[in-house]
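Visitor: Provided herewith: final26.pdb, PDB, C-alpha atoms, pLDDT in the B column.
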```pdb
ATOM      1  CA  MET A   1      82.209  -2.025 -56.814  1.00 45.00           C
ATOM      2  CA  SER A   2      80.134   1.082 -57.120  1.00 57.00           C
ATOM      3  CA  ASP A   3      77.203  -0.043 -55.016  1.00 84.00           C
ATOM      4  CA  ARG A   4      76.195   2.606 -52.538  1.00 83.00           C
ATOM      5  CA  ILE A   5      76.042   1.621 -48.884  1.00 83.00           C
ATOM      6  CA  PRO A   6      73.222   3.217 -46.883  1.00 83.00           C
ATOM      7  CA  MET A   7      74.118   4.263 -43.356  1.00 83.00           C
ATOM      8  CA  THR A   8      73.159   6.828 -40.789  1.00 83.00           C
ATOM      9  CA  ARG A   9      75.437   9.643 -39.699  1.00 85.00           C
ATOM     10  CA  ASN A  10      76.079   7.662 -36.472  1.00 84.00           C
ATOM     11  CA  GLY A  11      77.132   4.580 -38.407  1.00 85.00           C
ATOM     12  CA  TYR A  12      79.387   6.638 -40.668  1.00 90.00           C
ATOM     13  CA  ASP A  13      81.029   8.335 -37.702  1.00 91.00           C
ATOM     14  CA  LYS A  14      81.519   4.983 -35.962  1.00 89.00           C
ATOM     15  CA  LEU A  15      83.251   3.485 -39.021  1.00 91.00           C
ATOM     16  CA  LYS A  16      85.360   6.625 -39.476  1.00 94.00           C
ATOM     17  CA  SER A  17      86.438   6.442 -35.837  1.00 95.00           C
ATOM     18  CA  GLU A  18      87.375   2.778 -36.245  1.00 94.00           C
ATOM     19  CA  VAL A  19      89.476   3.539 -39.357  1.00 96.00           C
ATOM     20  CA  ASP A  20      91.251   6.370 -37.524  1.00 96.00           C
ATOM     21  CA  GLN A  21      91.979   4.090 -34.545  1.00 97.00           C
ATOM     22  CA  LEU A  22      93.355   1.328 -36.756  1.00 96.00           C
ATOM     23  CA  ASP A  23      95.346   3.683 -38.991  1.00 95.00           C
ATOM     24  CA  LEU A  24      96.730   6.076 -36.385  1.00 96.00           C
ATOM     25  CA  VAL A  25      97.201   3.787 -33.357  1.00 96.00           C
ATOM     26  CA  GLU A  26      97.252   0.111 -34.325  1.00 95.00           C
ATOM     27  CA  MET A  27      99.245   0.373 -37.580  1.00 95.00           C
ATOM     28  CA  PRO A  28     102.139   2.371 -36.033  1.00 96.00           C
ATOM     29  CA  ARG A  29     102.245  -0.161 -33.177  1.00 95.00           C
ATOM     30  CA  LEU A  30     102.537  -3.030 -35.674  1.00 93.00           C
ATOM     31  CA  THR A  31     105.146  -1.140 -37.692  1.00 93.00           C
ATOM     32  CA  GLN A  32     107.266  -0.818 -34.538  1.00 93.00           C
ATOM     33  CA  ARG A  33     106.823  -4.535 -33.888  1.00 89.00           C
ATOM     34  CA  VAL A  34     108.016  -5.339 -37.433  1.00 88.00           C
ATOM     35  CA  ALA A  35     111.034  -3.044 -37.025  1.00 89.00           C
ATOM     36  CA  ALA A  36     111.952  -4.604 -33.673  1.00 87.00           C
ATOM     37  CA  ALA A  37     111.679  -8.111 -35.111  1.00 84.00           C
ATOM     38  CA  ARG A  38     113.726  -7.102 -38.172  1.00 83.00           C
ATOM     39  CA  SER A  39     116.531  -5.850 -35.952  1.00 84.00           C
ATOM     40  CA  GLU A  40     116.924  -9.329 -34.456  1.00 80.00           C
ATOM     41  CA  GLY A  41     118.854 -10.488 -37.505  1.00 75.00           C
ATOM     42  CA  ASP A  42     118.216 -13.368 -39.910  1.00 73.00           C
ATOM     43  CA  LEU A  43     114.714 -12.861 -41.302  1.00 73.00           C
ATOM     44  CA  SER A  44     114.435 -16.300 -42.898  1.00 73.00           C
ATOM     45  CA  GLU A  45     113.959 -17.994 -39.525  1.00 75.00           C
ATOM     46  CA  ASN A  46     112.432 -15.101 -37.609  1.00 80.00           C
ATOM     47  CA  ALA A  47     108.893 -16.168 -36.698  1.00 84.00           C
ATOM     48  CA  GLU A  48     108.207 -12.900 -34.841  1.00 85.00           C
ATOM     49  CA  TYR A  49     109.036 -10.898 -37.970  1.00 86.00           C
ATOM     50  CA  HIS A  50     106.862 -13.034 -40.244  1.00 86.00           C
ATOM     51  CA  GLY A  51     103.979 -12.976 -37.764  1.00 89.00           C
ATOM     52  CA  ALA A  52     104.171  -9.197 -37.429  1.00 89.00           C
ATOM     53  CA  ARG A  53     104.274  -8.745 -41.226  1.00 90.00           C
ATOM     54  CA  GLU A  54     101.244 -10.994 -41.607  1.00 93.00           C
ATOM     55  CA  SER A  55      99.362  -9.048 -38.917  1.00 93.00           C
ATOM     56  CA  GLN A  56     100.326  -5.813 -40.643  1.00 94.00           C
ATOM     57  CA  GLY A  57      98.938  -7.083 -43.956  1.00 94.00           C
ATOM     58  CA  LEU A  58      95.672  -8.202 -42.373  1.00 95.00           C
ATOM     59  CA  LEU A  59      95.265  -4.867 -40.605  1.00 96.00           C
ATOM     60  CA  GLN A  60      95.909  -2.961 -43.835  1.00 96.00           C
ATOM     61  CA  ALA A  61      93.297  -5.101 -45.608  1.00 96.00           C
ATOM     62  CA  LYS A  62      90.750  -4.268 -42.879  1.00 95.00           C
ATOM     63  CA  ILE A  63      91.566  -0.548 -43.116  1.00 96.00           C
ATOM     64  CA  ASN A  64      91.137  -0.686 -46.908  1.00 96.00           C
ATOM     65  CA  LEU A  65      87.790  -2.477 -46.575  1.00 93.00           C
ATOM     66  CA  LEU A  66      86.465   0.099 -44.095  1.00 93.00           C
ATOM     67  CA  ARG A  67      87.710   2.998 -46.239  1.00 94.00           C
ATOM     68  CA  ASP A  68      85.920   1.483 -49.225  1.00 92.00           C
ATOM     69  CA  LYS A  69      82.677   1.319 -47.216  1.00 89.00           C
ATOM     70  CA  LEU A  70      83.100   4.964 -46.210  1.00 91.00           C
ATOM     71  CA  ALA A  71      83.797   5.996 -49.804  1.00 92.00           C
ATOM     72  CA  ARG A  72      80.581   4.303 -50.974  1.00 89.00           C
ATOM     73  CA  ALA A  73      78.482   5.509 -48.046  1.00 88.00           C
ATOM     74  CA  VAL A  74      75.222   7.334 -48.597  1.00 86.00           C
ATOM     75  CA  ILE A  75      73.953   9.052 -45.458  1.00 87.00           C
ATOM     76  CA  VAL A  76      70.281   8.202 -45.000  1.00 80.00           C
ATOM     77  CA  GLU A  77      68.056   9.693 -42.342  1.00 76.00           C
ATOM     78  CA  ARG A  78      66.040   7.183 -40.381  1.00 65.00           C
ATOM     79  CA  ALA A  79      62.332   7.260 -41.027  1.00 62.00           C
ATOM     80  CA  LYS A  80      60.536   8.909 -38.108  1.00 62.00           C
ATOM     81  CA  GLU A  81      56.931   8.913 -39.222  1.00 64.00           C
ATOM     82  CA  ALA A  82      54.645   6.032 -38.377  1.00 65.00           C
ATOM     83  CA  THR A  83      53.837   3.785 -41.291  1.00 75.00           C
ATOM     84  CA  ASP A  84      52.902   0.150 -41.668  1.00 79.00           C
ATOM     85  CA  GLU A  85      55.631  -0.402 -44.271  1.00 89.00           C
ATOM     86  CA  VAL A  86      59.125  -1.700 -43.472  1.00 91.00           C
ATOM     87  CA  VAL A  87      61.742   0.938 -44.338  1.00 89.00           C
ATOM     88  CA  PHE A  88      65.300   1.838 -43.334  1.00 87.00           C
ATOM     89  CA  GLY A  89      65.456   2.597 -39.613  1.00 86.00           C
ATOM     90  CA  ALA A  90      62.269   0.696 -38.768  1.00 88.00           C
ATOM     91  CA  THR A  91      61.908  -1.694 -35.876  1.00 91.00           C
ATOM     92  CA  VAL A  92      60.043  -4.723 -37.206  1.00 94.00           C
ATOM     93  CA  VAL A  93      58.256  -7.276 -35.039  1.00 95.00           C
ATOM     94  CA  VAL A  94      57.728 -10.557 -36.868  1.00 95.00           C
ATOM     95  CA  ARG A  95      56.402 -13.999 -36.010  1.00 96.00           C
ATOM     96  CA  ASP A  96      58.585 -16.866 -37.144  1.00 94.00           C
ATOM     97  CA  LEU A  97      56.061 -19.108 -38.883  1.00 93.00           C
ATOM     98  CA  LYS A  98      58.219 -22.210 -38.428  1.00 90.00           C
ATOM     99  CA  PHE A  99      58.778 -21.901 -34.668  1.00 91.00           C
ATOM    100  CA  GLY A 100      55.913 -19.613 -33.662  1.00 91.00           C
ATOM    101  CA  ASP A 101      58.043 -17.176 -31.667  1.00 94.00           C
ATOM    102  CA  ASN A 102      58.264 -13.432 -32.159  1.00 95.00           C
ATOM    103  CA  GLU A 103      61.471 -11.719 -33.199  1.00 94.00           C
ATOM    104  CA  VAL A 104      62.403  -8.056 -33.364  1.00 95.00           C
ATOM    105  CA  PHE A 105      64.722  -6.597 -36.004  1.00 94.00           C
ATOM    106  CA  VAL A 106      65.940  -3.036 -36.430  1.00 92.00           C
ATOM    107  CA  LEU A 107      67.080  -2.207 -39.970  1.00 91.00           C
ATOM    108  CA  VAL A 108      70.306  -0.220 -39.674  1.00 89.00           C
ATOM    109  CA  GLY A 109      73.115   0.900 -41.932  1.00 86.00           C
ATOM    110  CA  ALA A 110      76.649  -0.397 -42.209  1.00 82.00           C
ATOM    111  CA  GLY A 111      78.674   0.031 -39.053  1.00 81.00           C
ATOM    112  CA  GLU A 112      75.644  -0.152 -36.776  1.00 86.00           C
ATOM    113  CA  GLU A 113      74.837  -3.826 -37.019  1.00 87.00           C
ATOM    114  CA  ASP A 114      74.648  -5.734 -33.751  1.00 89.00           C
ATOM    115  CA  TYR A 115      73.110  -9.116 -34.416  1.00 87.00           C
ATOM    116  CA  ASP A 116      72.837  -9.984 -30.721  1.00 90.00           C
ATOM    117  CA  ALA A 117      70.680  -6.871 -30.236  1.00 91.00           C
ATOM    118  CA  GLY A 118      68.584  -7.567 -33.366  1.00 90.00           C
ATOM    119  CA  LYS A 119      70.139  -4.728 -35.390  1.00 92.00           C
ATOM    120  CA  ILE A 120      70.571  -6.055 -38.917  1.00 93.00           C
ATOM    121  CA  ASN A 121      72.262  -4.395 -41.860  1.00 90.00           C
ATOM    122  CA  VAL A 122      69.723  -3.072 -44.345  1.00 89.00           C
ATOM    123  CA  ALA A 123      71.790  -4.661 -47.137  1.00 87.00           C
ATOM    124  CA  SER A 124      71.524  -8.181 -45.641  1.00 90.00           C
ATOM    125  CA  PRO A 125      69.293 -10.767 -47.342  1.00 93.00           C
ATOM    126  CA  LEU A 126      66.942 -10.812 -44.332  1.00 93.00           C
ATOM    127  CA  ALA A 127      66.491  -7.031 -44.306  1.00 93.00           C
ATOM    128  CA  GLN A 128      66.118  -6.915 -48.091  1.00 93.00           C
ATOM    129  CA  GLY A 129      63.329  -9.476 -47.826  1.00 94.00           C
ATOM    130  CA  LEU A 130      61.510  -7.336 -45.258  1.00 95.00           C
ATOM    131  CA  LEU A 131      61.899  -3.948 -46.980  1.00 93.00           C
ATOM    132  CA  GLY A 132      58.695  -2.607 -48.500  1.00 92.00           C
ATOM    133  CA  ARG A 133      56.495  -5.212 -46.823  1.00 94.00           C
ATOM    134  CA  LYS A 134      53.495  -4.204 -44.751  1.00 94.00           C
ATOM    135  CA  VAL A 135      51.963  -5.231 -41.452  1.00 93.00           C
ATOM    136  CA  GLY A 136      49.983  -8.455 -41.871  1.00 93.00           C
ATOM    137  CA  GLU A 137      52.007  -9.729 -44.831  1.00 94.00           C
ATOM    138  CA  LYS A 138      53.614 -13.136 -44.778  1.00 95.00           C
ATOM    139  CA  VAL A 139      57.038 -13.349 -46.370  1.00 95.00           C
ATOM    140  CA  ALA A 140      59.435 -16.131 -47.336  1.00 94.00           C
ATOM    141  CA  ILE A 141      63.036 -14.917 -47.390  1.00 93.00           C
ATOM    142  CA  GLU A 142      65.961 -16.820 -48.854  1.00 92.00           C
ATOM    143  CA  VAL A 143      68.992 -16.549 -46.567  1.00 88.00           C
ATOM    144  CA  PRO A 144      72.248 -18.523 -46.648  1.00 88.00           C
ATOM    145  CA  ALA A 145      70.848 -20.973 -44.056  1.00 87.00           C
ATOM    146  CA  GLY A 146      67.678 -21.662 -46.081  1.00 91.00           C
ATOM    147  CA  THR A 147      64.237 -20.099 -46.279  1.00 93.00           C
ATOM    148  CA  MET A 148      62.836 -18.135 -43.352  1.00 93.00           C
ATOM    149  CA  LYS A 149      59.089 -17.495 -43.175  1.00 95.00           C
ATOM    150  CA  PHE A 150      57.671 -14.602 -41.189  1.00 95.00           C
ATOM    151  CA  GLU A 151      54.452 -12.726 -40.635  1.00 95.00           C
ATOM    152  CA  ILE A 152      54.977  -9.010 -40.080  1.00 95.00           C
ATOM    153  CA  LEU A 153      53.173  -8.062 -36.879  1.00 95.00           C
ATOM    154  CA  GLU A 154      54.301  -4.486 -36.256  1.00 93.00           C
ATOM    155  CA  VAL A 155      56.456  -1.715 -37.717  1.00 91.00           C
ATOM    156  CA  LYS A 156      57.558   1.005 -35.337  1.00 89.00           C
ATOM    157  CA  PHE A 157      60.109   3.771 -35.179  1.00 82.00           C
ATOM    158  CA  GLU A 158      62.182   4.472 -32.112  1.00 72.00           C
ATOM    159  CA  ASP A 159      64.953   6.929 -31.419  1.00 59.00           C
ATOM    160  CA  ASN A 160      68.163   4.885 -31.545  1.00 46.00           C
TER
END
```
How would this structure read if it were set down as structure tokens?

Guide:
Amino acid sequence: MSDRIPMTRNGYDKLKSEVDQLDLVEMPRLTQRVAAARSEGDLSENAEYHGARESQGLLQAKINLLRDKLARAVIVERAKEATDEVVFGATVVVRDLKFGDNEVFVLVGAGEEDYDAGKINVASPLAQGLLGRKVGEKVAIEVPAGTMKFEILEVKFEDN
């Protein structure tokens, strides 16, 4: 996997902070839990021990995944100049052509996504379908749930 992952400095710092928290606080806590469970004797029937080991493995997998993202990160500055083209960092107002309602998406890097707030990862199928499009264009985007059809109403840039 050598694909680069675009993200802002904020997103990078947020992921780095999360890795540090998991590695320096959560992992030692789980290691102590494993040691305490191990000291209780027979490991073959020790559910606490097996549960702690499983949690430790899952946490290590998450740490490895986040470290991989950080290793492949490319810091990208958000576009600040007004343009009618959808680019990284843009806030895009679209009309859903199926339902007729307007939606707002902000194209952000890894670590900054917040789907409830409309912040979508620039690498997602939805964001990829919007990138490079201009105000007034109608687009059909294939996403895991099917095809979404939008008209791009506005592209703006805000300080986030």

Visitor: Compile the contact shell of range 105-114 of chain A as number ranges by chain: residues with an atom at most 6 Å away, counting all atoms listed in the file, same-chain residues fewer than 6 positions apart removed.

Guide: A: 6-7, 11, 15, 88-92, 120-122

Visitor: With only C-alpha atoms as the counted atoms, please give the residues lying no more than 12 Å from Gln32 in chain A, apart from itself and same-chain residues fewer than 6 positions off, as an MDAnalysis selection string.

Guide: chainID A and resid 25:26 38:39 49 52:53 56

Visitor: May I ask for the distance between CA of Met148 in chain A and CA of Asp96 in chain A, given in Å to one decimal place?

Guide: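 Here the two named atoms are 7.6 Å from each other.
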
Visitor: Using all atoms listed in the file, which of A:Val74, A:Leu153, A:Leu30, A:Leu130 sits nearest Val93 in chain A?

Guide: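 Ranked by minimum distance to Val93 in chain A, first place goes to A:Leu153.
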
Visitor: Find the residues around Leu22 in chain A up to 9 Å (only C-alpha atoms counted), leave out those fewer than 4 positions away in its own chain, and share them as a ChimeraX atom specification.

Guide: /A:17-18,26-28,59-60,62-63

Visitor: Rounded to one decimal, what separation in Å do you get between CA of Glu85 in chain A and CA of Glu158 in chain A?

Guide: 14.6 Å

Visitor: Could you check which of A:Glu48, A:Glu40, A:Glu77, A:Glu54 is closest to Arg9 in chain A, using only C-alpha atoms?

Guide: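 Of all the options, A:Glu77 lies closest to Arg9 in chain A.
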
Visitor: Which is closest to Asp68 in chain A among A:Asp3, A:Asp116, A:Glu103, A:Asp84, if we use only C-alpha atoms?

Guide: A:Asp3

Visitor: Mind pulling up the distance from CA of Pro125 in chain A to CA of Val94 in chain A?

Guide: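 Calculated distance between CA of Val94 in chain A and CA of Pro125 in chain A is 15.6 Å.
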
Visitor: Emit range 115-152 of chain A of the structure in the block as a file comprising N, CA and C atoms, as an mmCIF file, in the first residue's frame.

Guide:
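Once everything was written out, this is selection01.cif:
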```cif
data_model
loop_
_atom_site.group_PDB
_atom_site.id
_atom_site.type_symbol
_atom_site.label_atom_id
_atom_site.label_comp_id
_atom_site.auth_asym_id
_atom_site.auth_seq_id
_atom_site.Cartn_x
_atom_site.Cartn_y
_atom_site.Cartn_z
ATOM 1 N N TYR A 115 -18.871 12.771 9.691
ATOM 2 C CA TYR A 115 -19.975 12.619 8.747
ATOM 3 C C TYR A 115 -21.239 13.324 9.225
ATOM 4 N N ASP A 116 -21.430 13.388 10.544
ATOM 5 C CA ASP A 116 -22.601 14.092 11.074
ATOM 6 C C ASP A 116 -22.533 15.587 10.777
ATOM 7 N N ALA A 117 -21.312 16.132 10.692
ATOM 8 C CA ALA A 117 -21.128 17.552 10.408
ATOM 9 C C ALA A 117 -20.917 17.816 8.915
ATOM 10 N N GLY A 118 -21.012 16.770 8.081
ATOM 11 C CA GLY A 118 -20.852 16.950 6.635
ATOM 12 C C GLY A 118 -19.413 16.985 6.174
ATOM 13 N N LYS A 119 -18.468 16.663 7.051
ATOM 14 C CA LYS A 119 -17.048 16.638 6.671
ATOM 15 C C LYS A 119 -16.716 15.243 6.169
ATOM 16 N N ILE A 120 -16.447 15.150 4.857
ATOM 17 C CA ILE A 120 -16.190 13.849 4.248
ATOM 18 C C ILE A 120 -14.736 13.744 3.808
ATOM 19 N N ASN A 121 -14.194 12.555 3.923
ATOM 20 C CA ASN A 121 -12.815 12.304 3.544
ATOM 21 C C ASN A 121 -12.664 12.472 2.034
ATOM 22 N N VAL A 122 -11.647 13.205 1.641
ATOM 23 C CA VAL A 122 -11.416 13.495 0.229
ATOM 24 C C VAL A 122 -11.171 12.221 -0.576
ATOM 25 N N ALA A 123 -10.802 11.129 0.100
ATOM 26 C CA ALA A 123 -10.560 9.862 -0.590
ATOM 27 C C ALA A 123 -11.824 9.019 -0.738
ATOM 28 N N SER A 124 -12.944 9.457 -0.151
ATOM 29 C CA SER A 124 -14.191 8.686 -0.224
ATOM 30 C C SER A 124 -14.769 8.745 -1.640
ATOM 31 N N PRO A 125 -15.574 7.750 -2.004
ATOM 32 C CA PRO A 125 -16.174 7.755 -3.348
ATOM 33 C C PRO A 125 -16.989 9.027 -3.618
ATOM 34 N N LEU A 126 -17.724 9.511 -2.626
ATOM 35 C CA LEU A 126 -18.533 10.710 -2.808
ATOM 36 C C LEU A 126 -17.649 11.912 -3.118
ATOM 37 N N ALA A 127 -16.607 12.110 -2.317
ATOM 38 C CA ALA A 127 -15.705 13.246 -2.538
ATOM 39 C C ALA A 127 -14.983 13.115 -3.875
ATOM 40 N N GLN A 128 -14.547 11.909 -4.206
ATOM 41 C CA GLN A 128 -13.856 11.698 -5.482
ATOM 42 C C GLN A 128 -14.762 12.046 -6.665
ATOM 43 N N GLY A 129 -16.046 11.767 -6.516
ATOM 44 C CA GLY A 129 -16.995 12.103 -7.577
ATOM 45 C C GLY A 129 -17.247 13.591 -7.709
ATOM 46 N N LEU A 130 -17.009 14.339 -6.637
ATOM 47 C CA LEU A 130 -17.215 15.791 -6.668
ATOM 48 C C LEU A 130 -15.971 16.557 -7.103
ATOM 49 N N LEU A 131 -14.785 16.006 -6.819
ATOM 50 C CA LEU A 131 -13.533 16.700 -7.131
ATOM 51 C C LEU A 131 -13.445 17.083 -8.604
ATOM 52 N N GLY A 132 -13.031 18.318 -8.840
ATOM 53 C CA GLY A 132 -12.832 18.801 -10.208
ATOM 54 C C GLY A 132 -14.096 19.268 -10.905
ATOM 55 N N ARG A 133 -15.238 19.062 -10.297
ATOM 56 C CA ARG A 133 -16.505 19.494 -10.898
ATOM 57 C C ARG A 133 -16.723 20.973 -10.637
ATOM 58 N N LYS A 134 -17.557 21.585 -11.423
ATOM 59 C CA LYS A 134 -17.788 23.027 -11.318
ATOM 60 C C LYS A 134 -19.237 23.332 -10.967
ATOM 61 N N VAL A 135 -19.438 24.556 -10.490
ATOM 62 C CA VAL A 135 -20.783 25.019 -10.157
ATOM 63 C C VAL A 135 -21.671 24.895 -11.392
ATOM 64 N N GLY A 136 -22.873 24.362 -11.194
ATOM 65 C CA GLY A 136 -23.824 24.178 -12.287
ATOM 66 C C GLY A 136 -23.798 22.781 -12.884
ATOM 67 N N GLU A 137 -22.731 22.034 -12.660
ATOM 68 C CA GLU A 137 -22.650 20.677 -13.209
ATOM 69 C C GLU A 137 -23.564 19.728 -12.452
ATOM 70 N N LYS A 138 -24.063 18.751 -13.187
ATOM 71 C CA LYS A 138 -24.817 17.661 -12.577
ATOM 72 C C LYS A 138 -23.934 16.431 -12.627
ATOM 73 N N VAL A 139 -23.877 15.718 -11.497
ATOM 74 C CA VAL A 139 -22.994 14.560 -11.408
ATOM 75 C C VAL A 139 -23.761 13.352 -10.887
ATOM 76 N N ALA A 140 -23.375 12.183 -11.378
ATOM 77 C CA ALA A 140 -23.881 10.907 -10.873
ATOM 78 C C ALA A 140 -22.674 10.192 -10.271
ATOM 79 N N ILE A 141 -22.763 9.865 -8.984
ATOM 80 C CA ILE A 141 -21.631 9.290 -8.272
ATOM 81 C C ILE A 141 -22.001 7.910 -7.743
ATOM 82 N N GLU A 142 -21.182 6.932 -8.101
ATOM 83 C CA GLU A 142 -21.387 5.573 -7.601
ATOM 84 C C GLU A 142 -20.814 5.476 -6.191
ATOM 85 N N VAL A 143 -21.658 5.133 -5.242
ATOM 86 C CA VAL A 143 -21.252 4.912 -3.855
ATOM 87 C C VAL A 143 -21.729 3.518 -3.462
ATOM 88 N N PRO A 144 -21.228 2.974 -2.361
ATOM 89 C CA PRO A 144 -21.638 1.619 -1.980
ATOM 90 C C PRO A 144 -23.159 1.426 -1.911
ATOM 91 N N ALA A 145 -23.907 2.466 -1.571
ATOM 92 C CA ALA A 145 -25.363 2.340 -1.446
ATOM 93 C C ALA A 145 -26.094 2.508 -2.780
ATOM 94 N N GLY A 146 -25.372 2.776 -3.857
ATOM 95 C CA GLY A 146 -26.009 2.971 -5.163
ATOM 96 C C GLY A 146 -25.467 4.205 -5.855
ATOM 97 N N THR A 147 -26.285 4.812 -6.693
ATOM 98 C CA THR A 147 -25.874 6.003 -7.424
ATOM 99 C C THR A 147 -26.548 7.235 -6.826
ATOM 100 N N MET A 148 -25.733 8.233 -6.515
ATOM 101 C CA MET A 148 -26.266 9.496 -5.998
ATOM 102 C C MET A 148 -26.137 10.526 -7.117
ATOM 103 N N LYS A 149 -27.178 11.337 -7.289
ATOM 104 C CA LYS A 149 -27.158 12.361 -8.336
ATOM 105 C C LYS A 149 -27.312 13.724 -7.689
ATOM 106 N N PHE A 150 -26.377 14.621 -8.037
ATOM 107 C CA PHE A 150 -26.349 15.954 -7.457
ATOM 108 C C PHE A 150 -26.176 17.006 -8.538
ATOM 109 N N GLU A 151 -26.620 18.211 -8.212
ATOM 110 C CA GLU A 151 -26.264 19.397 -8.982
ATOM 111 C C GLU A 151 -25.438 20.248 -8.042
ATOM 112 N N ILE A 152 -24.281 20.704 -8.511
ATOM 113 C CA ILE A 152 -23.410 21.527 -7.676
ATOM 114 C C ILE A 152 -23.912 22.961 -7.727
#
```
